[in-house]
Amino acid sequence: MALLNIVTDEDPILRRISRPVDQITPRIITLLDDMRDTLHKAEGAGLAAVQVGVLRRIALVEVEEGNTIELINPEIIERFGSQNEVEGCLSLPHQWGVTERPMKVTVRAMNRHGESFTVTGEGLLARALCHEIDHLDGKLFIDCTIRMIDEEELQSGSKRSRRRRSSRGNG
Ligand code: NI
């Protein structure tokens, strides 16, 4: 197991565009394994390679514990509807905001065996897929927030469930 360092504080690398993967090498497999360990340790909903300093089009999404979806060269091929929910990012600790995202998306990607597959996600999974794919194009959730939320608001009142959901809304 290897934990990678997650870049934060608007490190300029987060604004760069990641390059496609054309061949799945042992190095890519190791990166996927290390990203998975790093994501679990950080308890996030997703992680893009750029967040660990690697400018390749690779991302992981995990909104259900233990069900890690590995995405190589992912592309959104369909989107439906919209949702406004609270979102955060492992690279922007302590920042939270409401974003508008599609309610449902279908993504085509390659798996670690080089096989093409599609995944369709609704709700939180749709948001996590969009968030991670945005990272590969140098975009952050703060670019599409309708409004920012402070920590006090995040933790106040009814919001035990909301807070829990939000903590899994980190990517
Ligand atoms: Ni993120």
# chains A, B, ... in the order shown; residues from 1 in each chain; ligands from 1

call {"tool": "residues_near_ligand", "arguments": {"ligand": "ligand 1", "cutoff": "8 Å", "atoms": "only C-alpha atoms and all ligand atoms", "output": "list in words"}}
result
Gly46, Leu47, Ala48, Gln51, Gly88, Cys89, Leu90, Ser91, Leu92, His131, Glu132, His135, Leu140, Phe141, Asn170 and Gly171 of chain A

call {"tool": "write_last_selection", "arguments": {"atoms": "N, CA and C atoms", "output": "JSON list (two decimals), in the first residue's frame"}}
result
[["chain", "number", "residue", "atom", "x", "y", "z"],
["A", 46, "GLY", "N", -14.15, 10.58, -4.65],
["A", 46, "GLY", "CA", -13.47, 10.41, -5.91],
["A", 46, "GLY", "C", -12.10, 11.07, -5.87],
["A", 47, "LEU", "N", -11.28, 10.69, -6.83],
["A", 47, "LEU", "CA", -9.92, 11.24, -6.89],
["A", 47, "LEU", "C", -9.45, 11.19, -8.34],
["A", 48, "ALA", "N", -8.90, 12.29, -8.81],
["A", 48, "ALA", "CA", -8.34, 12.33, -10.16],
["A", 48, "ALA", "C", -6.82, 12.32, -10.06],
["A", 51, "GLN", "N", -4.80, 15.24, -9.04],
["A", 51, "GLN", "CA", -4.79, 15.59, -7.61],
["A", 51, "GLN", "C", -3.63, 14.95, -6.86],
["A", 88, "GLY", "N", -17.83, 19.32, -2.31],
["A", 88, "GLY", "CA", -16.51, 19.74, -1.83],
["A", 88, "GLY", "C", -15.45, 19.02, -2.64],
["A", 89, "CYS", "N", -14.18, 19.27, -2.32],
["A", 89, "CYS", "CA", -13.09, 18.68, -3.09],
["A", 89, "CYS", "C", -11.93, 18.41, -2.15],
["A", 90, "LEU", "N", -11.31, 17.25, -2.27],
["A", 90, "LEU", "CA", -10.16, 16.93, -1.41],
["A", 90, "LEU", "C", -9.02, 17.93, -1.61],
["A", 91, "SER", "N", -8.97, 18.55, -2.77],
["A", 91, "SER", "CA", -7.91, 19.52, -3.04],
["A", 91, "SER", "C", -8.25, 20.93, -2.57],
["A", 92, "LEU", "N", -9.49, 21.12, -2.13],
["A", 92, "LEU", "CA", -9.90, 22.44, -1.63],
["A", 92, "LEU", "C", -10.52, 22.26, -0.25],
["A", 131, "HIS", "N", -17.57, 15.72, -11.40],
["A", 131, "HIS", "CA", -16.52, 16.41, -10.64],
["A", 131, "HIS", "C", -15.14, 15.89, -11.04],
["A", 132, "GLU", "N", -15.01, 14.56, -11.11],
["A", 132, "GLU", "CA", -13.69, 13.99, -11.41],
["A", 132, "GLU", "C", -13.29, 14.25, -12.86],
["A", 135, "HIS", "N", -11.91, 17.60, -13.26],
["A", 135, "HIS", "CA", -10.49, 17.72, -12.84],
["A", 135, "HIS", "C", -9.54, 17.45, -14.00],
["A", 140, "LEU", "N", -12.39, 23.07, -11.49],
["A", 140, "LEU", "CA", -12.69, 22.79, -10.08],
["A", 140, "LEU", "C", -14.15, 23.14, -9.80],
["A", 141, "PHE", "N", -14.69, 22.52, -8.73],
["A", 141, "PHE", "CA", -16.11, 22.75, -8.46],
["A", 141, "PHE", "C", -16.42, 24.22, -8.18],
["A", 170, "ASN", "N", -16.84, 14.85, -1.36],
["A", 170, "ASN", "CA", -15.49, 15.30, -1.59],
["A", 170, "ASN", "C", -14.86, 14.56, -2.74],
["A", 171, "GLY", "N", -14.32, 15.28, -3.68],
["A", 171, "GLY", "CA", -13.59, 14.56, -4.72],
["A", 171, "GLY", "C", -12.29, 15.23, -5.04]]

call {"tool": "select_by_dssp", "arguments": {"residues": "chain A", "states": "helix (DSSP H, G or I)", "output": "count of residues only"}}
result
55

call {"tool": "atom_distance", "arguments": {"atom1": "CA of Asp34 (chain A)", "atom2": "CA of His113 (chain A)"}}
result
16.8 Å

call {"tool": "residues_around", "arguments": {"residues": "Pro93 (chain A)", "least_positions_apart": "5", "cutoff": "12 Å", "atoms": "only C-alpha atoms", "output": "PyMOL selection string"}}
result
chain A and resi 6-10+42+44+87-88+142+150-151+167+169-171

call {"tool": "write_last_selection", "arguments": {"atoms": "all heavy atoms", "output": "CSV table (one decimal), in the first residue's frame"}}
result
chain,number,residue,atom,x,y,z
A,6,ILE,N,-2.0,14.4,-1.7
A,6,ILE,CA,-3.0,15.1,-2.5
A,6,ILE,C,-2.7,16.6,-2.5
A,6,ILE,O,-2.5,17.2,-1.5
A,6,ILE,CB,-4.4,14.9,-1.8
A,6,ILE,CG1,-4.8,13.4,-1.9
A,6,ILE,CG2,-5.5,15.7,-2.6
A,6,ILE,CD1,-6.1,13.1,-1.2
A,7,VAL,N,-2.6,17.1,-3.7
A,7,VAL,CA,-2.2,18.5,-3.9
A,7,VAL,C,-3.4,19.4,-3.5
A,7,VAL,O,-4.6,19.0,-3.8
A,7,VAL,CB,-1.7,18.9,-5.2
A,7,VAL,CG1,-0.4,18.1,-5.6
A,7,VAL,CG2,-2.7,18.8,-6.3
A,8,THR,N,-3.1,20.5,-2.8
A,8,THR,CA,-4.2,21.3,-2.3
A,8,THR,C,-3.9,22.8,-2.6
A,8,THR,O,-2.9,23.1,-3.2
A,8,THR,CB,-4.4,21.2,-0.8
A,8,THR,OG1,-3.2,21.4,-0.1
A,8,THR,CG2,-5.0,19.8,-0.5
A,9,ASP,N,-4.8,23.6,-2.0
A,9,ASP,CA,-4.6,25.1,-2.0
A,9,ASP,C,-4.4,25.7,-3.4
A,9,ASP,O,-3.5,26.5,-3.6
A,9,ASP,CB,-3.3,25.4,-1.1
A,9,ASP,CG,-3.6,25.1,0.3
A,9,ASP,OD1,-4.8,25.1,0.7
A,9,ASP,OD2,-2.7,24.7,1.1
A,10,GLU,N,-5.2,25.2,-4.3
A,10,GLU,CA,-5.1,25.7,-5.7
A,10,GLU,C,-3.7,25.7,-6.3
A,10,GLU,O,-3.3,26.6,-7.0
A,10,GLU,CB,-5.7,27.1,-5.7
A,10,GLU,CG,-7.2,27.1,-5.2
A,10,GLU,CD,-8.0,28.2,-5.7
A,10,GLU,OE1,-8.0,28.4,-6.9
A,10,GLU,OE2,-8.6,28.9,-4.9
A,42,ALA,N,-8.4,9.1,2.5
A,42,ALA,CA,-9.0,10.5,2.6
A,42,ALA,C,-10.5,10.5,2.8
A,42,ALA,O,-11.1,11.5,3.0
A,42,ALA,CB,-8.6,11.2,1.3
A,44,GLY,N,-12.8,10.1,0.6
A,44,GLY,CA,-13.4,11.0,-0.4
A,44,GLY,C,-14.4,10.1,-1.3
A,44,GLY,O,-14.4,8.9,-1.2
A,87,GLU,N,-21.3,20.3,-2.6
A,87,GLU,CA,-20.1,19.6,-3.1
A,87,GLU,C,-18.8,20.2,-2.5
A,87,GLU,O,-18.7,21.4,-2.1
A,87,GLU,CB,-20.1,19.9,-4.6
A,87,GLU,CG,-19.2,19.0,-5.4
A,87,GLU,CD,-19.5,19.0,-6.9
A,87,GLU,OE1,-20.7,19.1,-7.2
A,87,GLU,OE2,-18.6,19.0,-7.7
A,88,GLY,N,-17.8,19.3,-2.3
A,88,GLY,CA,-16.5,19.7,-1.8
A,88,GLY,C,-15.5,19.0,-2.6
A,88,GLY,O,-15.8,18.3,-3.6
A,142,ILE,N,-15.4,24.9,-7.7
A,142,ILE,CA,-15.7,26.4,-7.4
A,142,ILE,C,-15.9,27.2,-8.7
A,142,ILE,O,-16.4,28.3,-8.6
A,142,ILE,CB,-14.5,27.0,-6.6
A,142,ILE,CG1,-13.1,26.7,-7.3
A,142,ILE,CG2,-14.5,26.6,-5.1
A,142,ILE,CD1,-12.0,27.4,-6.6
A,150,ASP,N,-20.5,28.2,4.2
A,150,ASP,CA,-19.5,28.2,5.2
A,150,ASP,C,-19.7,27.0,6.1
A,150,ASP,O,-20.7,26.4,6.1
A,150,ASP,CB,-19.3,29.5,5.9
A,150,ASP,CG,-20.6,29.9,6.7
A,150,ASP,OD1,-21.3,29.0,7.1
A,150,ASP,OD2,-20.8,31.1,6.9
A,151,GLU,N,-18.6,26.7,6.8
A,151,GLU,CA,-18.6,25.5,7.7
A,151,GLU,C,-19.7,25.5,8.7
A,151,GLU,O,-20.3,24.5,9.0
A,151,GLU,CB,-17.2,25.4,8.4
A,151,GLU,CG,-16.7,23.9,8.4
A,151,GLU,CD,-15.2,23.8,7.9
A,151,GLU,OE1,-14.8,24.6,7.1
A,151,GLU,OE2,-14.6,22.9,8.4
A,167,SER,N,-19.7,14.9,3.3
A,167,SER,CA,-18.4,14.5,3.5
A,167,SER,C,-18.1,13.4,2.4
A,167,SER,O,-16.9,13.2,2.1
A,167,SER,CB,-18.2,13.9,4.9
A,167,SER,OG,-18.9,12.7,5.0
A,169,GLY,N,-19.2,13.9,-0.5
A,169,GLY,CA,-19.2,14.7,-1.7
A,169,GLY,C,-17.9,15.3,-2.1
A,169,GLY,O,-17.8,16.1,-2.9
A,170,ASN,N,-16.8,14.8,-1.4
A,170,ASN,CA,-15.5,15.3,-1.6
A,170,ASN,C,-14.9,14.6,-2.7
A,170,ASN,O,-14.8,13.3,-2.7
A,170,ASN,CB,-14.6,14.9,-0.4
A,170,ASN,CG,-14.4,16.1,0.5
A,170,ASN,OD1,-14.3,17.2,0.1
A,170,ASN,ND2,-14.3,15.8,1.8
A,171,GLY,N,-14.3,15.3,-3.7
A,171,GLY,CA,-13.6,14.6,-4.7
A,171,GLY,C,-12.3,15.2,-5.0
A,171,GLY,O,-11.7,15.0,-6.1

call {"tool": "atom_distance", "arguments": {"atom1": "CA of Thr30 (chain A)", "atom2": "CA of Phe117 (chain A)"}}
result
20.8 Å

call {"tool": "residues_around", "arguments": {"residues": "Leu125 (chain A)", "least_positions_apart": "2", "cutoff": "12 Å", "atoms": "only C-alpha atoms", "output": "count of residues only"}}
result
34

call {"tool": "atom_distance", "arguments": {"atom1": "CA of Met1 (chain A)", "atom2": "CA of Val21 (chain A)"}}
result
23.0 Å

call {"tool": "decode", "arguments": {"residues": "region 21-34 of chain A", "atoms": "N, CA, C and O atoms", "output": "PDB file, in the first residue's frame"}}
result
ATOM      1  N   VAL A  21      -4.390   8.414 -21.686  1.00  0.00           N
ATOM      2  CA  VAL A  21      -3.536   7.235 -21.504  1.00  0.00           C
ATOM      3  C   VAL A  21      -3.631   6.433 -22.792  1.00  0.00           C
ATOM      4  O   VAL A  21      -4.737   6.076 -23.220  1.00  0.00           O
ATOM      5  N   ASP A  22      -2.503   6.150 -23.454  1.00  0.00           N
ATOM      6  CA  ASP A  22      -2.624   5.343 -24.670  1.00  0.00           C
ATOM      7  C   ASP A  22      -2.221   3.898 -24.450  1.00  0.00           C
ATOM      8  O   ASP A  22      -2.577   3.029 -25.223  1.00  0.00           O
ATOM      9  N   GLN A  23      -1.513   3.638 -23.366  1.00  0.00           N
ATOM     10  CA  GLN A  23      -1.132   2.258 -23.091  1.00  0.00           C
ATOM     11  C   GLN A  23      -1.156   2.023 -21.595  1.00  0.00           C
ATOM     12  O   GLN A  23      -0.664   2.857 -20.826  1.00  0.00           O
ATOM     13  N   ILE A  24      -1.732   0.896 -21.205  1.00  0.00           N
ATOM     14  CA  ILE A  24      -1.786   0.598 -19.774  1.00  0.00           C
ATOM     15  C   ILE A  24      -0.523  -0.154 -19.380  1.00  0.00           C
ATOM     16  O   ILE A  24      -0.352  -1.313 -19.711  1.00  0.00           O
ATOM     17  N   THR A  25       0.354   0.571 -18.746  1.00  0.00           N
ATOM     18  CA  THR A  25       1.656   0.034 -18.348  1.00  0.00           C
ATOM     19  C   THR A  25       1.593  -0.374 -16.873  1.00  0.00           C
ATOM     20  O   THR A  25       0.663   0.015 -16.154  1.00  0.00           O
ATOM     21  N   PRO A  26       2.572  -1.131 -16.412  1.00  0.00           N
ATOM     22  CA  PRO A  26       2.630  -1.454 -14.978  1.00  0.00           C
ATOM     23  C   PRO A  26       2.611  -0.190 -14.113  1.00  0.00           C
ATOM     24  O   PRO A  26       2.051  -0.184 -13.009  1.00  0.00           O
ATOM     25  N   ARG A  27       3.183   0.870 -14.622  1.00  0.00           N
ATOM     26  CA  ARG A  27       3.198   2.121 -13.862  1.00  0.00           C
ATOM     27  C   ARG A  27       1.767   2.669 -13.664  1.00  0.00           C
ATOM     28  O   ARG A  27       1.430   3.196 -12.609  1.00  0.00           O
ATOM     29  N   ILE A  28       0.946   2.515 -14.703  1.00  0.00           N
ATOM     30  CA  ILE A  28      -0.454   2.969 -14.598  1.00  0.00           C
ATOM     31  C   ILE A  28      -1.209   2.101 -13.579  1.00  0.00           C
ATOM     32  O   ILE A  28      -1.995   2.608 -12.778  1.00  0.00           O
ATOM     33  N   ILE A  29      -0.967   0.800 -13.613  1.00  0.00           N
ATOM     34  CA  ILE A  29      -1.633  -0.106 -12.659  1.00  0.00           C
ATOM     35  C   ILE A  29      -1.247   0.265 -11.222  1.00  0.00           C
ATOM     36  O   ILE A  29      -2.096   0.329 -10.325  1.00  0.00           O
ATOM     37  N   THR A  30       0.042   0.531 -11.014  1.00  0.00           N
ATOM     38  CA  THR A  30       0.497   0.939  -9.678  1.00  0.00           C
ATOM     39  C   THR A  30      -0.155   2.254  -9.265  1.00  0.00           C
ATOM     40  O   THR A  30      -0.586   2.415  -8.117  1.00  0.00           O
ATOM     41  N   LEU A  31      -0.255   3.176 -10.213  1.00  0.00           N
ATOM     42  CA  LEU A  31      -0.897   4.462  -9.921  1.00  0.00           C
ATOM     43  C   LEU A  31      -2.352   4.235  -9.492  1.00  0.00           C
ATOM     44  O   LEU A  31      -2.819   4.812  -8.503  1.00  0.00           O
ATOM     45  N   LEU A  32      -3.077   3.374 -10.234  1.00  0.00           N
ATOM     46  CA  LEU A  32      -4.477   3.088  -9.880  1.00  0.00           C
ATOM     47  C   LEU A  32      -4.569   2.507  -8.462  1.00  0.00           C
ATOM     48  O   LEU A  32      -5.437   2.909  -7.672  1.00  0.00           O
ATOM     49  N   ASP A  33      -3.685   1.565  -8.153  1.00  0.00           N
ATOM     50  CA  ASP A  33      -3.703   0.941  -6.821  1.00  0.00           C
ATOM     51  C   ASP A  33      -3.404   1.977  -5.730  1.00  0.00           C
ATOM     52  O   ASP A  33      -4.071   2.015  -4.693  1.00  0.00           O
ATOM     53  N   ASP A  34      -2.409   2.809  -5.984  1.00  0.00           N
ATOM     54  CA  ASP A  34      -2.030   3.809  -4.989  1.00  0.00           C
ATOM     55  C   ASP A  34      -3.118   4.873  -4.839  1.00  0.00           C
ATOM     56  O   ASP A  34      -3.378   5.367  -3.733  1.00  0.00           O
TER      57      ASP A  34
END
